[in-house]
>>> print(open('start_13.cif').read())   # mmCIF, C-alpha atoms
data_query
loop_
_atom_site.label_atom_id
_atom_site.label_comp_id
_atom_site.auth_asym_id
_atom_site.auth_seq_id
_atom_site.Cartn_x
_atom_site.Cartn_y
_atom_site.Cartn_z
CA MET A 933 -13.29 -19.11 -7.59
CA HIS A 934 -11.98 -16.53 -10.06
CA LEU A 935 -8.25 -16.85 -10.71
CA TRP A 936 -7.75 -13.10 -10.22
CA LEU A 937 -9.34 -13.36 -6.76
CA GLY A 938 -6.83 -16.03 -5.77
CA PHE A 939 -3.94 -13.74 -6.72
CA ALA A 940 -5.58 -10.78 -4.98
CA ALA A 941 -5.92 -12.92 -1.85
CA LEU A 942 -2.25 -13.89 -2.13
CA ALA A 943 -1.30 -10.19 -2.33
CA LEU A 944 -3.44 -9.63 0.74
CA VAL A 945 -1.51 -12.28 2.68
CA PHE A 946 1.95 -10.94 1.68
CA TRP A 947 1.03 -7.33 2.41
CA GLY A 948 -0.74 -8.35 5.59
CA ILE A 949 2.46 -9.93 6.91
CA THR A 950 4.34 -6.70 6.08
CA GLY A 951 2.07 -4.93 8.57
CA VAL A 952 3.81 -6.92 11.31
CA THR A 953 7.36 -6.95 9.88
CA GLN A 954 7.23 -3.20 9.28
CA LYS A 955 6.16 -2.63 12.85
CA LEU A 956 9.11 -4.78 14.01
CA ALA A 957 11.46 -2.78 11.75
CA THR A 958 10.36 0.67 12.92
CA ASN A 959 10.69 -0.50 16.54
CA SER A 960 14.46 -0.46 15.94
CA ILE A 961 15.16 2.02 13.10
CA SER A 962 13.65 5.24 11.72
CA SER A 963 10.88 5.18 9.15
CA GLU A 964 13.25 6.68 6.53
CA ARG A 965 15.89 4.00 7.04
CA SER A 966 13.17 1.36 7.07
CA PHE A 967 11.84 2.70 3.75
CA LEU A 968 15.33 2.70 2.28
CA TRP A 969 15.90 -0.97 3.14
CA PHE A 970 12.42 -1.76 1.92
CA CYS A 971 13.50 -0.28 -1.44
CA TRP A 972 16.79 -2.23 -1.44
CA ALA A 973 14.78 -5.40 -0.96
CA MET A 974 12.65 -4.42 -3.95
CA VAL A 975 15.85 -4.03 -6.00
CA ALA A 976 17.09 -7.46 -4.85
CA LEU A 977 13.75 -9.06 -5.66
CA SER A 978 13.74 -7.42 -9.08
CA ALA A 979 17.24 -8.81 -9.74
CA ALA A 980 15.86 -12.26 -8.93
CA VAL A 981 12.85 -11.60 -11.15
CA LEU A 982 15.24 -10.88 -14.03
CA LEU A 983 16.15 -14.59 -13.97
CA VAL A 984 12.60 -15.61 -14.84
CA ALA A 985 11.41 -12.65 -16.90
CA ARG A 986 13.10 -10.42 -19.42
CA PRO A 987 11.52 -7.20 -20.58
CA HIS A 988 10.96 -7.40 -24.31
CA ALA A 989 11.51 -4.54 -26.67
CA GLY A 990 8.50 -2.76 -28.07
CA LEU A 991 6.57 -2.00 -24.91
CA GLY A 992 4.06 0.76 -25.59
CA THR A 993 4.80 4.19 -24.16
CA ALA A 994 1.62 4.23 -22.08
CA VAL A 995 2.38 0.80 -20.60
CA LEU A 996 6.00 1.66 -19.88
CA PHE A 997 5.11 5.01 -18.34
CA SER A 998 2.26 3.51 -16.26
CA SER A 999 4.41 0.71 -14.93
CA ILE A 1000 7.29 2.98 -13.87
CA ALA A 1001 4.87 5.61 -12.53
CA GLY A 1002 3.32 2.86 -10.37
CA GLY A 1003 6.52 2.53 -8.35
CA THR A 1004 6.89 6.29 -7.97
CA LEU A 1005 3.25 6.83 -7.00
CA ASN A 1006 3.27 4.02 -4.44
CA GLY A 1007 6.59 5.12 -2.94
CA LEU A 1008 5.56 8.78 -2.82
CA GLY A 1009 2.28 7.73 -1.20
CA ALA A 1010 4.22 5.96 1.54
CA TRP A 1011 6.27 9.12 2.08
CA THR A 1012 3.24 11.45 2.20
CA SER A 1013 1.51 9.09 4.65
CA PHE A 1014 4.54 9.39 6.96
CA ARG A 1015 4.45 13.17 6.56
CA ALA A 1016 0.73 13.22 7.46
CA LEU A 1017 1.48 11.36 10.69
CA GLU A 1018 4.52 13.55 11.46
CA SER A 1019 2.56 16.75 10.80
CA GLY A 1020 0.38 16.27 13.84
CA GLY A 1021 -2.46 14.26 12.38
CA LYS A 1022 -3.96 11.73 14.79
CA ALA A 1023 -3.06 8.25 13.60
CA SER A 1024 -6.64 7.01 13.88
CA ILE A 1025 -7.90 9.87 11.68
CA VAL A 1026 -5.02 9.87 9.18
CA ILE A 1027 -5.11 6.10 8.62
CA SER A 1028 -8.91 6.10 8.36
CA LEU A 1029 -8.82 8.94 5.84
CA ILE A 1030 -6.07 7.32 3.79
CA SER A 1031 -8.07 4.06 3.73
CA LEU A 1032 -10.47 5.82 1.36
CA TYR A 1033 -7.97 5.60 -1.52
CA PRO A 1034 -9.59 2.55 -3.19
CA LEU A 1035 -12.68 4.66 -3.81
CA LEU A 1036 -10.54 6.98 -5.96
CA THR A 1037 -9.24 3.97 -7.91
CA VAL A 1038 -12.83 2.80 -8.43
CA GLY A 1039 -13.90 6.27 -9.60
CA LEU A 1040 -10.93 6.65 -11.96
CA ALA A 1041 -11.33 3.13 -13.37
CA VAL A 1042 -15.01 3.73 -14.07
CA LEU A 1043 -14.40 7.17 -15.60
CA LEU A 1044 -11.18 6.58 -17.53
CA LEU A 1045 -11.13 2.82 -18.25
CA GLY A 1046 -14.88 2.42 -18.71
CA GLU A 1047 -15.09 -0.36 -16.09
CA ARG A 1048 -18.54 -1.23 -14.82
CA LEU A 1049 -19.43 -2.53 -11.36
CA THR A 1050 -22.46 -4.60 -10.49
CA ARG A 1051 -24.52 -3.39 -7.52
CA MET A 1052 -23.06 -6.19 -5.41
CA GLN A 1053 -19.50 -5.17 -6.33
CA LEU A 1054 -20.23 -1.50 -5.64
CA ALA A 1055 -21.61 -2.47 -2.23
CA GLY A 1056 -18.51 -4.65 -1.74
CA ALA A 1057 -16.18 -1.73 -2.53
CA ILE A 1058 -17.91 0.48 0.01
CA VAL A 1059 -17.99 -2.27 2.67
CA ALA A 1060 -14.28 -2.97 2.00
CA VAL A 1061 -13.37 0.65 2.70
CA ILE A 1062 -15.46 0.68 5.89
CA ALA A 1063 -13.79 -2.58 6.98
CA ALA A 1064 -10.31 -1.17 6.28
CA ILE A 1065 -11.13 1.91 8.36
CA LEU A 1066 -12.47 -0.16 11.29
CA LEU A 1067 -9.47 -2.48 11.21
CA SER A 1068 -7.14 0.52 11.37
CA LEU A 1069 -8.75 2.10 14.39
CA GLU A 1070 -7.32 0.27 17.37
CA SER A 1071 -4.28 -1.89 16.77
CA PRO A 1072 -0.90 -0.14 16.52
CA SER A 1073 0.28 -2.87 14.16
CA THR A 1074 -2.44 -2.03 11.68
CA GLU A 1075 -1.63 1.65 11.96
CA SER A 1076 1.73 0.98 10.49
CA ALA A 1077 0.36 -1.51 8.01
CA SER A 1078 -0.45 0.94 5.27
CA SER A 1079 2.74 2.91 5.41
CA HIS A 1080 4.94 0.94 3.04
CA CYS A 1081 2.55 -0.42 0.47
CA ALA A 1082 -0.79 0.75 -0.58
CA MET B 289 -16.41 41.36 21.10
CA ASN B 290 -13.54 39.05 20.48
CA VAL B 291 -13.19 38.06 16.89
CA ASP B 292 -10.44 35.67 15.90
CA SER B 293 -8.88 37.36 12.90
CA ARG B 294 -6.21 34.72 12.30
CA PRO B 295 -6.53 33.23 8.83
CA ARG B 296 -7.81 29.65 8.87
CA THR B 297 -5.19 27.38 7.42
CA PHE B 298 -5.68 23.95 5.96
CA PRO B 299 -3.98 21.51 8.37
CA LYS B 300 -0.79 20.10 6.89
CA TRP B 301 -1.64 16.54 7.95
CA LEU B 302 -4.88 16.79 5.97
CA LEU B 303 -3.02 17.93 2.87
CA TRP B 304 -0.52 15.05 3.19
CA SER B 305 -3.39 12.60 3.76
CA LEU B 306 -5.24 13.81 0.67
CA ALA B 307 -2.01 13.61 -1.34
CA THR B 308 -1.66 9.99 -0.19
CA ILE B 309 -5.19 9.18 -1.34
CA VAL B 310 -4.46 10.69 -4.76
CA LEU B 311 -1.08 8.91 -5.12
CA TRP B 312 -2.28 5.46 -3.99
CA GLY B 313 -5.65 5.81 -5.71
CA THR B 314 -3.90 6.61 -9.00
CA TRP B 315 -1.46 3.73 -8.50
CA GLY B 316 -4.35 1.26 -8.83
CA LEU B 317 -5.33 2.85 -12.13
CA VAL B 318 -1.86 2.94 -13.70
CA SER B 319 -1.23 -0.64 -12.58
CA LYS B 320 -4.27 -1.79 -14.53
CA ILE B 321 -3.11 0.16 -17.62
CA ALA B 322 0.36 -1.39 -17.30
CA SER B 323 -1.02 -4.90 -16.87
CA GLY B 324 -2.55 -4.62 -20.34
CA GLY B 325 0.92 -4.70 -21.89
CA VAL B 326 3.37 -6.39 -19.53
CA ASP B 327 3.32 -9.49 -17.36
CA ALA B 328 3.43 -9.27 -13.58
CA TYR B 329 7.20 -9.86 -13.36
CA VAL B 330 8.17 -7.15 -15.84
CA ASN B 331 5.67 -4.86 -14.12
CA GLN B 332 7.51 -5.43 -10.84
CA LEU B 333 10.85 -4.67 -12.54
CA LEU B 334 9.58 -1.38 -13.95
CA TYR B 335 7.86 -0.56 -10.65
CA THR B 336 11.27 -0.80 -8.97
CA VAL B 337 12.73 1.56 -11.60
CA GLY B 338 10.04 4.05 -10.53
CA LEU B 339 11.19 3.69 -6.91
CA LEU B 340 14.82 4.58 -7.68
CA PRO B 341 14.46 8.41 -7.59
CA LEU B 342 12.81 8.09 -4.17
CA MET B 343 15.62 5.83 -2.97
CA VAL B 344 18.13 8.55 -3.88
CA PHE B 345 16.10 11.19 -2.05
CA VAL B 346 15.48 9.09 1.06
CA GLY B 347 19.08 7.84 1.03
CA TRP B 348 20.27 11.44 1.04
CA THR B 349 17.90 12.25 3.95
CA VAL B 350 19.11 9.23 5.93
CA ALA B 351 22.76 10.16 5.29
CA LYS B 352 22.06 13.68 6.61
CA ARG B 353 20.53 12.25 9.79
CA SER B 354 22.93 9.35 10.17
CA ALA B 355 22.91 9.65 13.94
CA GLY B 356 19.14 9.16 14.01
CA ASP B 357 19.08 5.48 14.86
CA ALA B 358 20.62 3.90 17.87
CA ARG B 359 23.22 1.33 16.85
CA GLU B 360 21.64 -1.17 19.20
CA GLY B 361 19.04 -3.12 17.33
CA ARG B 362 19.83 -1.50 13.98
CA ASN B 363 20.69 -4.80 12.28
CA ARG B 364 17.49 -6.32 13.58
CA GLY B 365 15.51 -3.36 12.23
CA ILE B 366 17.25 -3.60 8.86
CA PHE B 367 16.45 -7.32 8.68
CA TRP B 368 12.74 -6.71 9.28
CA ALA B 369 12.67 -3.76 6.85
CA PHE B 370 14.36 -5.89 4.17
CA LEU B 371 11.91 -8.72 4.76
CA THR B 372 9.08 -6.18 4.49
CA GLY B 373 10.42 -5.20 1.06
CA ILE B 374 10.63 -8.81 -0.16
CA LEU B 375 7.11 -9.59 1.04
CA GLY B 376 5.84 -6.27 -0.33
CA GLY B 377 7.38 -7.08 -3.72
CA LEU B 378 5.85 -10.57 -3.74
CA GLY B 379 2.53 -8.93 -2.85
CA ASN B 380 3.00 -6.57 -5.78
CA ILE B 381 3.60 -9.46 -8.18
CA ALA B 382 0.44 -11.21 -6.95
CA PHE B 383 -1.48 -7.93 -7.28
CA PHE B 384 -0.21 -7.38 -10.85
CA GLN B 385 -1.05 -11.02 -11.64
CA ALA B 386 -4.62 -10.46 -10.39
CA LEU B 387 -4.93 -7.55 -12.84
CA VAL B 388 -3.36 -9.53 -15.71
CA LYS B 389 -5.75 -12.45 -15.07
CA GLY B 390 -8.77 -10.26 -15.68
CA GLY B 391 -9.49 -8.61 -12.36
CA SER B 392 -10.69 -5.07 -12.96
CA ALA B 393 -8.98 -2.22 -11.12
CA SER B 394 -12.28 -1.15 -9.57
CA VAL B 395 -12.67 -4.57 -7.90
CA VAL B 396 -9.08 -5.62 -7.16
CA ALA B 397 -8.21 -2.25 -5.52
CA PRO B 398 -10.85 -2.59 -2.76
CA VAL B 399 -9.85 -6.25 -2.20
CA LYS B 400 -6.17 -5.40 -1.76
CA ALA B 401 -7.09 -2.61 0.65
CA LEU B 402 -8.27 -5.32 3.03
CA PHE B 403 -4.75 -6.53 3.80
CA PRO B 404 -4.97 -5.23 7.40
CA VAL B 405 -7.19 -8.30 7.98
CA VAL B 406 -4.11 -10.49 7.76
CA THR B 407 -2.06 -8.06 9.86
CA VAL B 408 -4.70 -8.02 12.56
CA LEU B 409 -4.97 -11.82 12.60
CA LEU B 410 -1.17 -12.20 12.77
CA ALA B 411 -0.94 -9.60 15.53
CA LEU B 412 -3.64 -11.53 17.37
CA VAL B 413 -1.78 -14.85 17.09
CA PHE B 414 1.92 -13.89 17.23
CA LEU B 415 2.04 -10.52 19.00
CA LYS B 416 -0.73 -11.50 21.42
CA GLU B 417 -2.56 -8.27 20.72
CA ARG B 418 -6.21 -8.15 21.66
CA LEU B 419 -8.94 -7.06 19.29
CA GLY B 420 -11.57 -4.52 20.21
CA ARG B 421 -15.19 -4.81 19.16
CA VAL B 422 -14.63 -2.35 16.33
CA GLN B 423 -11.89 -4.52 14.86
CA TRP B 424 -13.98 -7.69 15.13
CA LEU B 425 -16.69 -5.82 13.22
CA GLY B 426 -14.03 -4.75 10.70
CA LEU B 427 -12.98 -8.38 10.24
CA ALA B 428 -16.56 -9.50 9.65
CA LEU B 429 -17.14 -6.69 7.14
CA ALA B 430 -13.89 -7.54 5.36
CA PHE B 431 -15.09 -11.09 4.65
CA LEU B 432 -18.48 -9.75 3.58
CA ALA B 433 -16.71 -7.31 1.22
CA ILE B 434 -14.65 -10.10 -0.37
CA TYR B 435 -17.82 -12.11 -0.93
CA LEU B 436 -19.62 -9.14 -2.51
CA LEU B 437 -16.65 -8.12 -4.69
CA SER B 438 -16.19 -11.63 -6.03
CA ALA B 439 -19.87 -11.91 -7.02
#
>>> encode(input="start_13.cif", output="C-alpha coordinates")
Amino acid sequence: MHLWLGFAALALVFWGITGVTQKLATNSISSERSFLWFCWAMVALSAAVLLVARPHAGLGTAVLFSSIAGGTLNGLGAWTSFRALESGGKASIVISLISLYPLLTVGLAVLLLGERLTRMQLAGAIVAVIAAILLSLESPSTESASSHCA
Amino acid sequence: MNVDSRPRTFPKWLLWSLATIVLWGTWGLVSKIASGGVDAYVNQLLYTVGLLPLMVFVGWTVAKRSAGDAREGRNRGIFWAFLTGILGGLGNIAFFQALVKGGSASVVAPVKALFPVVTVLLALVFLKERLGRVQWLGLALAFLAIYLLSA
(Lines of atoms letter the chains of each structure in order from A and count residues from 1; the text may use other names and numbers.)
(Lines give C-alpha, C1' and ligand atoms only; values in the text may rest on other atoms or scores of the structure.)
Protein backbone atom coordinates (compact mmCIF):
# COMPACT_ATOMS: atom_id res chain seq x y z
CA MET A 1 0.00 0.00 0.00
CA HIS A 2 1.24 3.51 -0.76
CA LEU A 3 2.24 5.44 2.35
CA TRP A 4 0.25 8.48 1.22
CA LEU A 5 -2.88 6.33 0.96
CA GLY A 6 -2.46 5.24 4.58
CA PHE A 7 -2.35 8.87 5.72
CA ALA A 8 -5.30 9.77 3.48
CA ALA A 9 -7.24 6.89 5.05
CA LEU A 10 -6.31 8.16 8.51
CA ALA A 11 -7.62 11.63 7.59
CA LEU A 12 -10.78 9.94 6.38
CA VAL A 13 -11.27 8.26 9.76
CA PHE A 14 -10.68 11.46 11.80
CA TRP A 15 -12.94 13.57 9.60
CA GLY A 16 -15.51 10.81 9.46
CA ILE A 17 -15.79 10.84 13.25
CA THR A 18 -16.27 14.63 13.14
CA GLY A 19 -19.44 14.01 11.13
CA VAL A 20 -20.94 12.48 14.28
CA THR A 21 -19.36 14.80 16.88
CA GLN A 22 -20.42 17.87 14.91
CA LYS A 23 -23.97 16.59 14.75
CA LEU A 24 -23.89 16.09 18.54
CA ALA A 25 -22.51 19.64 18.99
CA THR A 26 -25.11 21.38 16.83
CA ASN A 27 -27.85 19.47 18.66
CA SER A 28 -27.05 21.68 21.67
CA ILE A 29 -25.48 24.92 20.33
CA SER A 30 -25.71 27.10 17.21
CA SER A 31 -23.57 26.41 14.16
CA GLU A 32 -21.66 29.69 14.75
CA ARG A 33 -20.79 28.82 18.34
CA SER A 34 -19.91 25.30 17.24
CA PHE A 35 -17.58 26.72 14.57
CA LEU A 36 -15.98 29.05 17.11
CA TRP A 37 -15.17 26.19 19.50
CA PHE A 38 -13.99 24.12 16.57
CA CYS A 39 -11.50 26.94 15.86
CA TRP A 40 -10.43 27.15 19.53
CA ALA A 41 -9.68 23.44 19.40
CA MET A 42 -7.55 24.06 16.31
CA VAL A 43 -5.62 26.71 18.26
CA ALA A 44 -5.12 24.30 21.19
CA LEU A 45 -3.96 21.54 18.86
CA SER A 46 -1.56 23.93 17.15
CA ALA A 47 -0.12 24.91 20.54
CA ALA A 48 0.51 21.21 21.18
CA VAL A 49 2.00 20.85 17.70
CA LEU A 50 4.48 23.61 18.59
CA LEU A 51 6.06 21.16 21.05
CA VAL A 52 7.01 18.76 18.26
CA ALA A 53 7.53 21.12 15.34
CA ARG A 54 8.99 24.59 15.05
CA PRO A 55 8.56 26.66 11.93
CA HIS A 56 11.97 27.41 10.49
CA ALA A 57 12.94 30.71 8.99
CA GLY A 58 13.22 30.97 5.25
CA LEU A 59 9.91 29.52 4.15
CA GLY A 60 9.16 30.58 0.59
CA THR A 61 6.48 33.20 0.07
CA ALA A 62 4.34 30.88 -2.05
CA VAL A 63 4.52 28.11 0.56
CA LEU A 64 3.77 30.47 3.44
CA PHE A 65 0.89 32.12 1.60
CA SER A 66 -0.57 28.77 0.46
CA SER A 67 -0.42 27.28 3.92
CA ILE A 68 -2.12 30.24 5.63
CA ALA A 69 -4.62 30.59 2.77
CA GLY A 70 -5.52 26.92 3.32
CA GLY A 71 -6.98 27.69 6.73
CA THR A 72 -8.88 30.72 5.46
CA LEU A 73 -10.26 28.90 2.41
CA ASN A 74 -11.38 25.88 4.42
CA GLY A 75 -12.95 28.02 7.15
CA LEU A 76 -14.68 30.30 4.65
CA GLY A 77 -15.94 27.22 2.81
CA ALA A 78 -17.53 25.96 6.03
CA TRP A 79 -19.19 29.36 6.49
CA THR A 80 -20.52 29.55 2.90
CA SER A 81 -21.86 25.99 3.19
CA PHE A 82 -23.85 27.08 6.28
CA ARG A 83 -25.10 30.13 4.37
CA ALA A 84 -26.20 27.91 1.46
CA LEU A 85 -28.28 25.80 3.85
CA GLU A 86 -29.67 28.88 5.64
CA SER A 87 -30.57 30.57 2.35
CA GLY A 88 -33.29 28.06 1.59
CA GLY A 89 -31.32 25.45 -0.32
CA LYS A 90 -32.55 21.89 0.23
CA ALA A 91 -29.93 20.02 2.24
CA SER A 92 -29.93 17.07 -0.15
CA ILE A 93 -29.24 19.36 -3.13
CA VAL A 94 -26.77 21.69 -1.40
CA ILE A 95 -24.68 18.86 0.07
CA SER A 96 -24.73 16.94 -3.21
CA LEU A 97 -23.65 20.03 -5.13
CA ILE A 98 -20.91 20.87 -2.65
CA SER A 99 -19.62 17.28 -2.89
CA LEU A 100 -18.41 18.16 -6.38
CA TYR A 101 -15.53 20.24 -4.98
CA PRO A 102 -12.85 17.53 -5.44
CA LEU A 103 -13.41 17.75 -9.18
CA LEU A 104 -12.29 21.40 -9.03
CA THR A 105 -9.16 20.36 -7.12
CA VAL A 106 -8.46 17.71 -9.77
CA GLY A 107 -8.95 20.25 -12.58
CA LEU A 108 -6.76 22.88 -10.90
CA ALA A 109 -4.03 20.36 -10.05
CA VAL A 110 -3.92 19.11 -13.63
CA LEU A 111 -3.96 22.63 -15.10
CA LEU A 112 -1.72 24.49 -12.65
CA LEU A 113 0.52 21.81 -11.12
CA GLY A 114 0.83 19.65 -14.24
CA GLU A 115 -0.38 16.51 -12.42
CA ARG A 116 -1.42 13.60 -14.59
CA LEU A 117 -4.06 10.99 -13.77
CA THR A 118 -4.20 7.48 -15.15
CA ARG A 119 -7.55 6.38 -16.60
CA MET A 120 -8.16 4.27 -13.50
CA GLN A 121 -7.50 7.25 -11.22
CA LEU A 122 -9.73 9.52 -13.30
CA ALA A 123 -12.50 6.93 -13.05
CA GLY A 124 -11.79 6.69 -9.32
CA ALA A 125 -12.12 10.47 -8.89
CA ILE A 126 -15.49 10.47 -10.64
CA VAL A 127 -16.74 7.41 -8.70
CA ALA A 128 -15.55 9.04 -5.44
CA VAL A 129 -17.65 12.13 -6.12
CA ILE A 130 -20.70 10.02 -7.00
CA ALA A 131 -20.18 7.99 -3.80
CA ALA A 132 -19.88 11.16 -1.70
CA ILE A 133 -23.13 12.48 -3.19
CA LEU A 134 -24.99 9.20 -2.57
CA LEU A 135 -23.72 8.99 1.00
CA SER A 136 -24.96 12.52 1.66
CA LEU A 137 -28.48 11.93 0.44
CA GLU A 138 -30.29 10.28 3.31
CA SER A 139 -28.60 10.39 6.69
CA PRO A 140 -28.86 13.63 8.69
CA SER A 141 -25.49 12.87 10.27
CA THR A 142 -23.80 12.90 6.88
CA GLU A 143 -25.55 16.13 5.98
CA SER A 144 -23.69 17.85 8.71
CA ALA A 145 -20.50 15.98 7.97
CA SER A 146 -19.13 18.35 5.40
CA SER A 147 -19.84 21.54 7.25
CA HIS A 148 -16.70 21.93 9.33
CA CYS A 149 -13.99 20.43 7.21
CA ALA A 150 -13.79 19.92 3.55
CA MET B 1 -51.70 36.53 -21.93
CA ASN B 2 -49.95 36.44 -18.63
CA VAL B 3 -46.27 37.01 -18.90
CA ASP B 4 -44.15 36.90 -15.77
CA SER B 5 -42.04 40.02 -16.07
CA ARG B 6 -40.18 39.56 -12.78
CA PRO B 7 -36.44 39.34 -13.35
CA ARG B 8 -35.06 35.84 -12.81
CA THR B 9 -32.60 35.91 -9.97
CA PHE B 10 -29.87 33.43 -9.24
CA PRO B 11 -30.88 31.64 -6.02
CA LYS B 12 -28.71 32.69 -3.10
CA TRP B 13 -28.23 29.11 -1.91
CA LEU B 14 -26.79 28.23 -5.32
CA LEU B 15 -24.33 31.12 -5.14
CA TRP B 16 -23.22 30.07 -1.63
CA SER B 17 -22.91 26.44 -2.79
CA LEU B 18 -20.77 27.42 -5.77
CA ALA B 19 -18.63 29.62 -3.52
CA THR B 20 -18.11 26.59 -1.25
CA ILE B 21 -16.99 24.46 -4.20
CA VAL B 22 -14.48 27.14 -5.23
CA LEU B 23 -13.16 27.64 -1.67
CA TRP B 24 -12.81 23.93 -0.80
CA GLY B 25 -11.66 22.99 -4.29
CA THR B 26 -8.89 25.60 -4.11
CA TRP B 27 -7.94 24.47 -0.59
CA GLY B 28 -6.82 21.11 -2.02
CA LEU B 29 -4.58 22.91 -4.49
CA VAL B 30 -2.94 25.32 -2.05
CA SER B 31 -2.39 22.48 0.43
CA LYS B 32 -0.37 20.61 -2.18
CA ILE B 33 1.68 23.75 -2.95
CA ALA B 34 2.31 24.26 0.78
CA SER B 35 3.30 20.63 1.32
CA GLY B 36 6.20 21.16 -1.08
CA GLY B 37 7.89 23.44 1.45
CA VAL B 38 6.66 22.65 4.96
CA ASP B 39 6.01 19.48 6.93
CA ALA B 40 2.50 18.49 7.99
CA TYR B 41 2.84 19.95 11.51
CA VAL B 42 4.00 23.39 10.40
CA ASN B 43 1.30 23.31 7.74
CA GLN B 44 -1.29 22.77 10.48
CA LEU B 45 0.18 25.69 12.48
CA LEU B 46 -0.03 28.06 9.52
CA TYR B 47 -3.49 26.72 8.62
CA THR B 48 -4.65 27.79 12.09
CA VAL B 49 -3.16 31.27 11.51
CA GLY B 50 -5.38 31.45 8.41
CA LEU B 51 -8.41 30.60 10.57
CA LEU B 52 -7.82 33.47 13.02
CA PRO B 53 -9.55 36.26 11.00
CA LEU B 54 -12.63 34.02 10.72
CA MET B 55 -12.54 33.35 14.46
CA VAL B 56 -12.68 37.11 15.09
CA PHE B 57 -15.60 37.52 12.69
CA VAL B 58 -17.57 34.53 14.00
CA GLY B 59 -16.75 35.46 17.61
CA TRP B 60 -18.19 38.92 16.98
CA THR B 61 -21.33 37.35 15.43
CA VAL B 62 -21.76 34.99 18.38
CA ALA B 63 -21.30 37.85 20.86
CA LYS B 64 -24.03 39.82 19.06
CA ARG B 65 -26.42 36.86 19.30
CA SER B 66 -25.35 35.72 22.75
CA ALA B 67 -28.89 34.73 23.66
CA GLY B 68 -29.02 32.33 20.72
CA ASP B 69 -28.24 29.14 22.57
CA ALA B 70 -30.17 27.73 25.44
CA ARG B 71 -27.97 27.42 28.52
CA GLU B 72 -29.16 23.86 28.97
CA GLY B 73 -26.84 21.57 27.13
CA ARG B 74 -24.43 24.34 26.12
CA ASN B 75 -21.44 22.75 27.86
CA ARG B 76 -22.21 19.45 26.22
CA GLY B 77 -22.40 21.16 22.82
CA ILE B 78 -19.11 22.98 23.44
CA PHE B 79 -17.45 19.70 24.40
CA TRP B 80 -18.52 18.02 21.16
CA ALA B 81 -17.58 21.09 19.07
CA PHE B 82 -14.13 21.18 20.72
CA LEU B 83 -13.65 17.47 20.09
CA THR B 84 -14.69 18.06 16.47
CA GLY B 85 -11.92 20.64 16.19
CA ILE B 86 -9.27 18.32 17.66
CA LEU B 87 -10.29 15.46 15.38
CA GLY B 88 -10.54 17.83 12.42
CA GLY B 89 -7.03 19.11 13.13
CA LEU B 90 -5.64 15.56 13.40
CA GLY B 91 -7.40 14.81 10.11
CA ASN B 92 -5.71 17.86 8.60
CA ILE B 93 -2.28 16.69 9.75
CA ALA B 94 -2.89 13.24 8.21
CA PHE B 95 -4.11 14.91 5.01
CA PHE B 96 -1.03 17.17 4.83
CA GLN B 97 1.16 14.12 5.54
CA ALA B 98 -0.48 12.27 2.62
CA LEU B 99 0.48 15.18 0.35
CA VAL B 100 4.03 15.39 1.77
CA LYS B 101 4.51 11.63 1.25
CA GLY B 102 3.91 11.95 -2.47
CA GLY B 103 0.16 11.79 -2.89
CA SER B 104 -0.89 14.13 -5.68
CA ALA B 105 -3.62 16.68 -5.00
CA SER B 106 -5.73 15.27 -7.84
CA VAL B 107 -5.81 11.83 -6.15
CA VAL B 108 -5.77 12.67 -2.43
CA ALA B 109 -8.61 15.24 -2.75
CA PRO B 110 -11.15 12.69 -4.05
CA VAL B 111 -10.04 10.16 -1.40
CA LYS B 112 -10.52 12.64 1.46
CA ALA B 113 -13.95 13.56 0.09
CA LEU B 114 -15.04 10.03 0.99
CA PHE B 115 -14.96 10.70 4.74
CA PRO B 116 -18.78 10.43 4.98
CA VAL B 117 -18.17 6.67 4.65
CA VAL B 118 -16.82 6.64 8.19
CA THR B 119 -19.58 8.96 9.42
CA VAL B 120 -22.24 6.72 7.92
CA LEU B 121 -20.69 3.58 9.43
CA LEU B 122 -20.40 5.24 12.86
CA ALA B 123 -23.98 6.51 12.66
CA LEU B 124 -25.02 2.97 11.77
CA VAL B 125 -23.22 1.44 14.77
CA PHE B 126 -23.47 4.09 17.50
CA LEU B 127 -26.49 6.24 16.58
CA LYS B 128 -28.47 3.21 15.36
CA GLU B 129 -29.35 5.01 12.15
CA ARG B 130 -30.52 2.88 9.27
CA LEU B 131 -29.04 3.06 5.80
CA GLY B 132 -31.14 3.36 2.69
CA ARG B 133 -30.34 1.56 -0.54
CA VAL B 134 -28.79 4.71 -1.97
CA GLN B 135 -26.33 4.92 0.91
CA TRP B 136 -25.39 1.24 0.65
CA LEU B 137 -24.66 1.90 -3.03
CA GLY B 138 -22.64 4.96 -1.97
CA LEU B 139 -20.61 2.81 0.44
CA ALA B 140 -19.88 0.23 -2.25
CA LEU B 141 -18.84 2.94 -4.73
CA ALA B 142 -16.63 4.57 -2.10
CA PHE B 143 -14.58 1.38 -1.70
CA LEU B 144 -14.43 0.98 -5.48
CA ALA B 145 -13.20 4.60 -5.75
CA ILE B 146 -10.43 4.02 -3.20
CA TYR B 147 -9.30 0.94 -5.12
CA LEU B 148 -9.27 2.83 -8.44
CA LEU B 149 -7.51 5.90 -7.00
CA SER B 150 -4.78 3.83 -5.40
CA ALA B 151 -4.05 1.99 -8.66
>>> resolve_selection(input="start_13.cif", expression="the PyMOL selection byres ((chain A and resi 941) around 10)", output="PyMOL selection string")
(chain A and resi 935-940+942-947) or (chain B and resi 379+382-383+386+396+399-400+402-403+434)
>>> residues_around(input="start_13.cif", residues="Leu1045 of chain A", least_positions_apart="6", cutoff="10 Å", atoms="all atoms listed in the file", output="PDB file with C-alpha atoms, in the coordinates of the input")
ATOM      1  CA  VAL A1038     -12.830   2.800  -8.430  1.00  0.00           C
ATOM      2  CA  GLY A1039     -13.900   6.270  -9.600  1.00  0.00           C
TER       3      GLY A1039
ATOM      4  CA  LEU B 317      -5.330   2.850 -12.130  1.00  0.00           C
ATOM      5  CA  LYS B 320      -4.270  -1.790 -14.530  1.00  0.00           C
ATOM      6  CA  ILE B 321      -3.110   0.160 -17.620  1.00  0.00           C
ATOM      7  CA  SER B 392     -10.690  -5.070 -12.960  1.00  0.00           C
ATOM      8  CA  ALA B 393      -8.980  -2.220 -11.120  1.00  0.00           C
ATOM      9  CA  SER B 394     -12.280  -1.150  -9.570  1.00  0.00           C
TER      10      SER B 394
END
>>> resolve_selection(input="start_13.cif", expression="the PyMOL selection byres ((chain B) within 6 of (chain A))", output="MDAnalysis selection string")
chainID B and resid 301 304:305 308:309 311:313 315:318 322 325 330:331 333:336 338:339 357 361:362 365 368:370 372:377 379 382:383 386 389 391 394 397:398 400 402:404 406:407 422:423 426 429:430 433 436:437
>>> atom_distance(input="start_13.cif", atom1="atom CA of Ile381 of chain B", atom2="atom CA of Pro341 of chain B")
20.9 Å
>>> atom_distance(input="start_13.cif", atom1="atom CA of Leu371 of chain B", atom2="atom CA of Leu410 of chain B")
15.7 Å
>>> axis_aligned_box(input="start_13.cif", around="segment 1052-1070 of chain A", padding_each_side="8 Å", output="AutoDock Vina command-line options")
--center_x -15.1 --center_y -2.0 --center_z 5.5 --size_x 31.9 --size_y 24.3 --size_z 39.7
>>> atom_distance(input="start_13.cif", atom1="atom CA of Val395 of chain B", atom2="atom CA of Leu425 of chain B")
21.5 Å
>>> residues_near_point(input="start_13.cif", point="(2.3, -7.2, -21.2)", cutoff="7 Å", atoms="all atoms listed in the file", output="list in words")
Ser323, Gly324, Gly325, Val326 and Asp327 of chain B
